[in-house]
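Trainee: Structure in structure tokens, see below.
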Amino acid sequence: MPDKQVEIASANAPIHVTDADFDEVIKEHAYVIVDFWAEWCAPCRAIAPMIDELAKTYAGQVTFVKLNTDENPRVPQQFMVMGIPTLLFFKGGKLVDQVVGAMPKGPFEARLKKHLA
């Protein structure tokens, strides 16, 4: 599975993670934004193109990760994710920010940039 992640990451697209590999991915990358989503969630689908675009724009600076909450309940429970989409920002393996609900690109990108320094 790690080979697949490397291949996906090199394509400047979000990495799909599971409960099993979440901790490893968070520790491997300096700045990670995790998108907690589900197939049935319309707001999750609505922000997906924005997440894909930002993953390309900030390739090498920010690693975007997607975790399907229906298939992976442990991590959302660990971080008390009560609604989706929820986006958690990790820097150096530590949770530093979160966004609950769909947010327009401008305000979201401003939040992202705040943690780049």
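Convention: chains lettered A, B, ... in structure tokens order; per-chain residue numbering from 1; ligands numbered from 1 as shown.
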Residues of chain A in helix (DSSP H, G or I) according to DSSP, as a PyMOL selection string?

Mentor: chain A and resi 2-10+22-28+42-57+74-78+105-114

Trainee: Fewer than 6 positions away in the same chain doesn't count, so skip those; otherwise give me all residues within 12 Å of range 89-100 of chain A, counting only C-alpha atoms, as a PyMOL selection string.

Mentor: chain A and resi 22-37+43-44+47+61-65+79-83+107-117

Trainee: How far is it from CA of Glu53 in chain A to CA of Arg74 in chain A, in Å with one decimal?

Mentor: 27.8 Å

Trainee: As a CSV table (one decimal) with N, CA and C atoms, in the first residue's frame, list the residues of chain A assigned to strand (DSSP E) by DSSP on the backbone atoms of this structure.

Mentor:
chain,number,residue,atom,x,y,z
A,15,ILE,N,-4.1,12.2,-0.8
A,15,ILE,CA,-3.8,10.8,-0.4
A,15,ILE,C,-5.0,10.2,0.3
A,16,HIS,N,-5.4,9.0,-0.1
A,16,HIS,CA,-6.6,8.4,0.6
A,16,HIS,C,-6.0,7.5,1.7
A,17,VAL,N,-6.4,7.7,2.9
A,17,VAL,CA,-5.8,7.0,4.1
A,17,VAL,C,-7.0,6.2,4.8
A,31,TYR,N,3.2,19.2,7.1
A,31,TYR,CA,1.9,19.9,7.2
A,31,TYR,C,0.9,19.1,6.4
A,32,VAL,N,-0.2,18.7,7.1
A,32,VAL,CA,-1.2,17.8,6.6
A,32,VAL,C,-2.6,18.4,6.8
A,33,ILE,N,-3.4,18.4,5.8
A,33,ILE,CA,-4.8,18.8,6.0
A,33,ILE,C,-5.6,17.5,5.7
A,34,VAL,N,-6.4,17.1,6.6
A,34,VAL,CA,-7.2,15.9,6.5
A,34,VAL,C,-8.7,16.2,6.2
A,35,ASP,N,-9.2,15.7,5.1
A,35,ASP,CA,-10.6,15.9,4.8
A,35,ASP,C,-11.4,14.7,5.2
A,36,PHE,N,-12.2,14.8,6.2
A,36,PHE,CA,-13.1,13.7,6.6
A,36,PHE,C,-14.4,13.9,5.8
A,37,TRP,N,-14.7,12.8,5.1
A,37,TRP,CA,-15.8,12.8,4.1
A,37,TRP,C,-16.5,11.5,4.1
A,63,THR,N,0.4,18.5,2.5
A,63,THR,CA,-0.1,17.2,2.0
A,63,THR,C,-1.6,17.1,2.4
A,64,PHE,N,-2.4,16.9,1.4
A,64,PHE,CA,-3.9,16.8,1.6
A,64,PHE,C,-4.2,15.3,1.7
A,65,VAL,N,-5.0,14.9,2.6
A,65,VAL,CA,-5.4,13.6,2.9
A,65,VAL,C,-6.9,13.5,3.0
A,66,LYS,N,-7.4,12.4,2.5
A,66,LYS,CA,-8.9,12.2,2.5
A,66,LYS,C,-9.1,10.9,3.3
A,67,LEU,N,-10.1,10.9,4.3
A,67,LEU,CA,-10.4,9.8,5.1
A,67,LEU,C,-11.9,9.6,5.0
A,68,ASN,N,-12.4,8.5,4.5
A,68,ASN,CA,-13.8,8.1,4.4
A,68,ASN,C,-14.3,7.7,5.8
A,86,THR,N,-15.4,17.7,7.7
A,86,THR,CA,-14.5,18.4,8.7
A,86,THR,C,-13.1,18.3,8.2
A,87,LEU,N,-12.4,19.4,8.2
A,87,LEU,CA,-11.0,19.4,7.8
A,87,LEU,C,-10.1,19.7,9.0
A,88,LEU,N,-9.2,18.8,9.3
A,88,LEU,CA,-8.2,19.0,10.4
A,88,LEU,C,-6.9,19.3,9.8
A,89,PHE,N,-6.2,20.3,10.4
A,89,PHE,CA,-4.9,20.8,10.0
A,89,PHE,C,-3.8,20.3,11.0
A,90,PHE,N,-2.8,19.6,10.6
A,90,PHE,CA,-1.8,19.0,11.4
A,90,PHE,C,-0.5,19.6,11.0
A,91,LYS,N,0.3,20.1,11.9
A,91,LYS,CA,1.7,20.6,11.7
A,91,LYS,C,2.6,19.9,12.6
A,94,LYS,N,0.9,17.5,15.1
A,94,LYS,CA,0.0,18.1,16.1
A,94,LYS,C,-1.2,18.8,15.4
A,95,LEU,N,-2.3,18.7,16.0
A,95,LEU,CA,-3.5,19.3,15.5
A,95,LEU,C,-3.4,20.8,15.8
A,96,VAL,N,-3.5,21.7,14.7
A,96,VAL,CA,-3.4,23.1,14.9
A,96,VAL,C,-4.6,23.9,14.5
A,97,ASP,N,-5.5,23.3,13.8
A,97,ASP,CA,-6.7,24.1,13.3
A,97,ASP,C,-7.7,23.1,12.8
A,98,GLN,N,-9.0,23.6,12.7
A,98,GLN,CA,-10.0,22.7,12.0
A,98,GLN,C,-11.1,23.6,11.4
A,99,VAL,N,-11.7,23.1,10.4
A,99,VAL,CA,-12.8,23.7,9.7
A,99,VAL,C,-13.9,22.7,9.7
A,100,VAL,N,-15.1,23.0,10.2
A,100,VAL,CA,-16.3,22.1,10.1
A,100,VAL,C,-17.3,22.7,9.1

Trainee: Select, from A:Ile84, A:Gly101, A:Thr18, A:Ala13, the residue with the minimum atom-to-atom distance to Pro49 in chain A, counting only C-alpha atoms.

Mentor: A:Ala13

Trainee: Measure the distance from CA of Asp21 in chain A to CA of Met103 in chain A in Å and round it to one decimal.

Mentor: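 A separation of 26.9 Å between them.
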
Trainee: Using only C-alpha atoms, pick whichever of A:Gln77, A:Pro14, A:Thr57, A:Pro85 has the shortest atom-to-atom distance to Glu39 in chain A.

Mentor: A:Pro85

Trainee: Have a look at CA of Asp70 in chain A and CA of Met50 in chain A and let me know their distance in Å, one decimal.

Mentor: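 CA of Asp70 in chain A sits 21.6 Å away from CA of Met50 in chain A.
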
Trainee: Which residue, A:Ala20, A:Ala102, A:Ala42, A:Ala59, has the smallest gap to Glu71 in chain A when you use only C-alpha atoms?

Mentor: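 Ranking A:Ala20, A:Ala102, A:Ala42, A:Ala59 by distance to Glu71 in chain A, first place goes to A:Ala20.
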